Amino acid sequence: MTTFAGMKEFSLLISVYKGERAECLTTCFDSIYRQSVLPTEIILVEDGPLTPSLYEAIGREEKRFPCLRRVVLSDNQGLGVALNKGMQACSYDIVARMDTDDICMPDRFEVQMNYMTAHQEIDVLGAWITEFDIEPTNTVAIRNLPEKHDEIYNFGKKRNPMNHPVVMFRKQSVLNAGGYQPFPLFEDYYLWARMLKQGYRFHNLPQSLLLFRRSPEMVRRRGGLTYAHNEISFLKKLHEIGYISLWDLFRNVCQRYGVRIAPNWVRSLIYKHLLRTVPK
């Protein structure tokens, strides 16, 4: 729990809303406390009123982390708005992201800060994530992604090329690209697509740096007619900004629509066995 010589300061940006669980938030902050390199500051955005248990958990974390600063929104405005408000409060140009129900590997920040410090040309740095059910020891899949920029650019035309809860980015680059913009459930993907199209540089570290809590709710949220139609609107937007071709648009709609309207158990199997690597 220290800062190494030559390493820059950085902010950690987290958003929380009333639907999240206090015990998961505590586990998340436990993983931050165990980091080999701590964030210089933690910006926690409260996206609307929270539950009493969440307020109690946040109060405990304020005592443990004097660097914790709360950004309070009077009503729930969605992840994109919450993260933009949080970025405005970040004091440092390098910003790390994570969600309150995930768990950082002990050296996550050290590994990413070392890379960002050594590679000033990189604007957005990601990594792999390991998904688990209920308990962190029950790992079920790894979402590995292309490493190099050109591979990331091409992969992004088919699927989200970055694992949002484990990214680290340069704040000014994100702001210059327009920041997060309203596109529910696709805020991060839309940001990456715009940045890639505008020439910002990306890299994914070929190692897992975060444990991602997978749940039946996550699978349900990514299905149904409403989600399918929102996804089609999102893909049309990617075509409008020139990131994907008309053929890419047609292919993606054909490939994804059936997955979105399939039963939850079918979609869960697709995620686990076709779109992820099963850990050995």
# chains A, B, ... in the order shown; residues from 1 in each chain; ligands from 1
>>> residues_around(residues="Trp128 of chain A", least_positions_apart="3", cutoff="9 Å", atoms="only C-alpha atoms", output="list in words")
Ile142, Arg143, Asn144, Leu145, Met162, Asn163, Val166, Asn204, Leu205, Pro206, Gln207, Ser208, Leu209 and Leu210 of chain A
>>> write_last_selection(atoms="N, CA and C atoms", output="compact mmCIF listing (two decimals), in the first residue's frame")
# COMPACT_ATOMS: atom_id res chain seq x y z
N ILE A 142 -13.23 -16.51 -18.49
CA ILE A 142 -12.31 -15.39 -18.64
C ILE A 142 -12.67 -14.65 -19.91
N ARG A 143 -12.85 -13.34 -19.81
CA ARG A 143 -13.08 -12.55 -21.02
C ARG A 143 -11.75 -11.96 -21.45
N ASN A 144 -11.09 -12.67 -22.37
CA ASN A 144 -9.84 -12.17 -22.92
C ASN A 144 -10.10 -11.40 -24.20
N LEU A 145 -9.30 -10.39 -24.44
CA LEU A 145 -9.51 -9.47 -25.54
C LEU A 145 -8.22 -9.26 -26.31
N MET A 162 -13.21 -3.55 -24.97
CA MET A 162 -12.59 -3.25 -23.68
C MET A 162 -13.49 -3.77 -22.55
N ASN A 163 -12.87 -4.26 -21.49
CA ASN A 163 -13.59 -4.63 -20.28
C ASN A 163 -13.68 -3.40 -19.39
N VAL A 166 -12.28 -2.63 -15.71
CA VAL A 166 -10.85 -2.75 -15.42
C VAL A 166 -10.02 -1.76 -16.25
N ASN A 204 -4.67 -3.62 -24.54
CA ASN A 204 -5.17 -4.52 -23.52
C ASN A 204 -4.04 -5.39 -23.00
N LEU A 205 -3.85 -5.41 -21.69
CA LEU A 205 -2.85 -6.28 -21.10
C LEU A 205 -3.35 -7.72 -21.14
N PRO A 206 -2.53 -8.67 -21.59
CA PRO A 206 -2.98 -10.05 -21.73
C PRO A 206 -2.91 -10.83 -20.42
N GLN A 207 -3.54 -10.27 -19.40
CA GLN A 207 -3.63 -10.95 -18.11
C GLN A 207 -4.88 -10.46 -17.39
N SER A 208 -5.41 -11.31 -16.52
CA SER A 208 -6.62 -10.95 -15.79
C SER A 208 -6.25 -10.12 -14.57
N LEU A 209 -6.85 -8.93 -14.46
CA LEU A 209 -6.55 -8.03 -13.35
C LEU A 209 -7.77 -7.73 -12.49
N LEU A 210 -8.90 -8.39 -12.78
CA LEU A 210 -10.11 -8.11 -12.01
C LEU A 210 -11.02 -9.33 -12.00
>>> residues_around(residues="segment 115-119 of chain A", least_positions_apart="3", cutoff="9 Å", atoms="only C-alpha atoms", output="MDAnalysis selection string")
chainID A and resid 6:8 94 110:112 122:125 168:170 205
>>> atom_distance(atom1="atom CA of Tyr55 of chain A", atom2="atom CA of Leu12 of chain A")
19.2 Å
>>> closest_residue(among="A:Val72, A:Val95, A:Ala89, A:Ile244", to="Leu50 of chain A", atoms="only C-alpha atoms")
A:Val72
>>> atom_distance(atom1="atom CA of Ala228 of chain A", atom2="atom CA of Leu79 of chain A")
19.5 Å
>>> residues_around(residues="Leu83 of chain A", least_positions_apart="2", cutoff="8 Å", atoms="only C-alpha atoms", output="MDAnalysis selection string")
chainID A and resid 13:15 45 79:81 85:87 180
>>> select_by_dssp(residues="segment 33-239 of chain A", states="strand (DSSP E)", output="PyMOL selection string")
chain A and resi 41-47+68-73+94-97+103-104+124-133+139-143+168-170+202-214
>>> residues_around(residues="Ile152 of chain A", least_positions_apart="4", cutoff="10 Å", atoms="only C-alpha atoms", output="ChimeraX atom specification")
/A:145-148,156-157,159-162,192,196,201-204
>>> decode(residues="segment 81-93 of chain A", atoms="all heavy atoms", output="PDB file, in the first residue's frame")
ATOM      1  N   VAL A  81     -23.925   9.683 -17.192  1.00  0.00           N
ATOM      2  CA  VAL A  81     -23.936  10.992 -16.533  1.00  0.00           C
ATOM      3  C   VAL A  81     -23.134  10.936 -15.246  1.00  0.00           C
ATOM      4  O   VAL A  81     -22.342  11.843 -14.943  1.00  0.00           O
ATOM      5  CB  VAL A  81     -25.385  11.442 -16.249  1.00  0.00           C
ATOM      6  CG1 VAL A  81     -25.391  12.718 -15.412  1.00  0.00           C
ATOM      7  CG2 VAL A  81     -26.139  11.663 -17.552  1.00  0.00           C
ATOM      8  N   ALA A  82     -23.320   9.856 -14.467  1.00  0.00           N
ATOM      9  CA  ALA A  82     -22.620   9.722 -13.195  1.00  0.00           C
ATOM     10  C   ALA A  82     -21.105   9.722 -13.396  1.00  0.00           C
ATOM     11  O   ALA A  82     -20.369  10.389 -12.653  1.00  0.00           O
ATOM     12  CB  ALA A  82     -23.063   8.444 -12.478  1.00  0.00           C
ATOM     13  N   LEU A  83     -20.629   8.998 -14.397  1.00  0.00           N
ATOM     14  CA  LEU A  83     -19.185   8.935 -14.630  1.00  0.00           C
ATOM     15  C   LEU A  83     -18.640  10.263 -15.144  1.00  0.00           C
ATOM     16  O   LEU A  83     -17.521  10.656 -14.797  1.00  0.00           O
ATOM     17  CB  LEU A  83     -18.862   7.804 -15.601  1.00  0.00           C
ATOM     18  CG  LEU A  83     -19.119   6.387 -15.067  1.00  0.00           C
ATOM     19  CD1 LEU A  83     -18.738   5.342 -16.101  1.00  0.00           C
ATOM     20  CD2 LEU A  83     -18.364   6.137 -13.759  1.00  0.00           C
ATOM     21  N   ASN A  84     -19.400  10.957 -15.963  1.00  0.00           N
ATOM     22  CA  ASN A  84     -18.952  12.290 -16.398  1.00  0.00           C
ATOM     23  C   ASN A  84     -18.842  13.248 -15.218  1.00  0.00           C
ATOM     24  O   ASN A  84     -17.879  14.012 -15.111  1.00  0.00           O
ATOM     25  CB  ASN A  84     -19.914  12.857 -17.444  1.00  0.00           C
ATOM     26  CG  ASN A  84     -19.617  12.352 -18.843  1.00  0.00           C
ATOM     27  OD1 ASN A  84     -18.497  11.990 -19.155  1.00  0.00           O
ATOM     28  ND2 ASN A  84     -20.630  12.329 -19.687  1.00  0.00           N
ATOM     29  N   LYS A  85     -19.832  13.201 -14.310  1.00  0.00           N
ATOM     30  CA  LYS A  85     -19.759  14.048 -13.108  1.00  0.00           C
ATOM     31  C   LYS A  85     -18.550  13.661 -12.267  1.00  0.00           C
ATOM     32  O   LYS A  85     -17.845  14.521 -11.727  1.00  0.00           O
ATOM     33  CB  LYS A  85     -21.042  13.884 -12.287  1.00  0.00           C
ATOM     34  CG  LYS A  85     -22.309  14.379 -12.964  1.00  0.00           C
ATOM     35  CD  LYS A  85     -22.385  15.896 -12.993  1.00  0.00           C
ATOM     36  CE  LYS A  85     -23.747  16.359 -13.508  1.00  0.00           C
ATOM     37  NZ  LYS A  85     -23.850  17.840 -13.570  1.00  0.00           N
ATOM     38  N   GLY A  86     -18.313  12.359 -12.163  1.00  0.00           N
ATOM     39  CA  GLY A  86     -17.167  11.899 -11.389  1.00  0.00           C
ATOM     40  C   GLY A  86     -15.848  12.311 -11.999  1.00  0.00           C
ATOM     41  O   GLY A  86     -14.919  12.714 -11.286  1.00  0.00           O
ATOM     42  N   MET A  87     -15.770  12.251 -13.335  1.00  0.00           N
ATOM     43  CA  MET A  87     -14.525  12.666 -13.999  1.00  0.00           C
ATOM     44  C   MET A  87     -14.212  14.132 -13.731  1.00  0.00           C
ATOM     45  O   MET A  87     -13.054  14.509 -13.573  1.00  0.00           O
ATOM     46  CB  MET A  87     -14.612  12.420 -15.509  1.00  0.00           C
ATOM     47  CG  MET A  87     -14.075  11.075 -15.937  1.00  0.00           C
ATOM     48  SD  MET A  87     -13.668  11.055 -17.694  1.00  0.00           S
ATOM     49  CE  MET A  87     -15.255  11.380 -18.422  1.00  0.00           C
ATOM     50  N   GLN A  88     -15.243  14.959 -13.694  1.00  0.00           N
ATOM     51  CA  GLN A  88     -15.034  16.380 -13.419  1.00  0.00           C
ATOM     52  C   GLN A  88     -14.412  16.583 -12.042  1.00  0.00           C
ATOM     53  O   GLN A  88     -13.690  17.564 -11.811  1.00  0.00           O
ATOM     54  CB  GLN A  88     -16.358  17.129 -13.520  1.00  0.00           C
ATOM     55  CG  GLN A  88     -16.939  17.176 -14.928  1.00  0.00           C
ATOM     56  CD  GLN A  88     -18.341  17.762 -14.957  1.00  0.00           C
ATOM     57  OE1 GLN A  88     -18.800  18.362 -13.991  1.00  0.00           O
ATOM     58  NE2 GLN A  88     -19.037  17.581 -16.063  1.00  0.00           N
ATOM     59  N   ALA A  89     -14.692  15.653 -11.131  1.00  0.00           N
ATOM     60  CA  ALA A  89     -14.157  15.760  -9.774  1.00  0.00           C
ATOM     61  C   ALA A  89     -12.781  15.133  -9.629  1.00  0.00           C
ATOM     62  O   ALA A  89     -12.111  15.357  -8.610  1.00  0.00           O
ATOM     63  CB  ALA A  89     -15.126  15.109  -8.784  1.00  0.00           C
ATOM     64  N   CYS A  90     -12.331  14.367 -10.618  1.00  0.00           N
ATOM     65  CA  CYS A  90     -11.029  13.711 -10.545  1.00  0.00           C
ATOM     66  C   CYS A  90      -9.907  14.746 -10.639  1.00  0.00           C
ATOM     67  O   CYS A  90      -9.897  15.585 -11.539  1.00  0.00           O
ATOM     68  CB  CYS A  90     -10.877  12.686 -11.669  1.00  0.00           C
ATOM     69  SG  CYS A  90     -11.874  11.190 -11.443  1.00  0.00           S
ATOM     70  N   SER A  91      -8.948  14.673  -9.737  1.00  0.00           N
ATOM     71  CA  SER A  91      -7.859  15.649  -9.686  1.00  0.00           C
ATOM     72  C   SER A  91      -6.699  15.295 -10.597  1.00  0.00           C
ATOM     73  O   SER A  91      -5.845  16.155 -10.864  1.00  0.00           O
ATOM     74  CB  SER A  91      -7.333  15.759  -8.239  1.00  0.00           C
ATOM     75  OG  SER A  91      -8.369  16.062  -7.341  1.00  0.00           O
ATOM     76  N   TYR A  92      -6.646  14.039 -11.077  1.00  0.00           N
ATOM     77  CA  TYR A  92      -5.475  13.565 -11.801  1.00  0.00           C
ATOM     78  C   TYR A  92      -5.850  13.119 -13.203  1.00  0.00           C
ATOM     79  O   TYR A  92      -6.989  12.701 -13.454  1.00  0.00           O
ATOM     80  CB  TYR A  92      -4.803  12.441 -11.023  1.00  0.00           C
ATOM     81  CG  TYR A  92      -4.456  12.879  -9.621  1.00  0.00           C
ATOM     82  CD1 TYR A  92      -5.280  12.525  -8.549  1.00  0.00           C
ATOM     83  CD2 TYR A  92      -3.357  13.692  -9.374  1.00  0.00           C
ATOM     84  CE1 TYR A  92      -4.986  12.964  -7.262  1.00  0.00           C
ATOM     85  CE2 TYR A  92      -3.057  14.130  -8.087  1.00  0.00           C
ATOM     86  CZ  TYR A  92      -3.884  13.760  -7.041  1.00  0.00           C
ATOM     87  OH  TYR A  92      -3.599  14.215  -5.770  1.00  0.00           O
ATOM     88  N   ASP A  93      -4.897  13.199 -14.111  1.00  0.00           N
ATOM     89  CA  ASP A  93      -5.186  12.897 -15.512  1.00  0.00           C
ATOM     90  C   ASP A  93      -5.359  11.404 -15.758  1.00  0.00           C
ATOM     91  O   ASP A  93      -6.092  11.010 -16.661  1.00  0.00           O
ATOM     92  CB  ASP A  93      -4.096  13.438 -16.430  1.00  0.00           C
ATOM     93  CG  ASP A  93      -4.476  13.290 -17.899  1.00  0.00           C
ATOM     94  OD1 ASP A  93      -5.575  13.767 -18.270  1.00  0.00           O
ATOM     95  OD2 ASP A  93      -3.713  12.683 -18.658  1.00  0.00           O
TER      96      ASP A  93
END
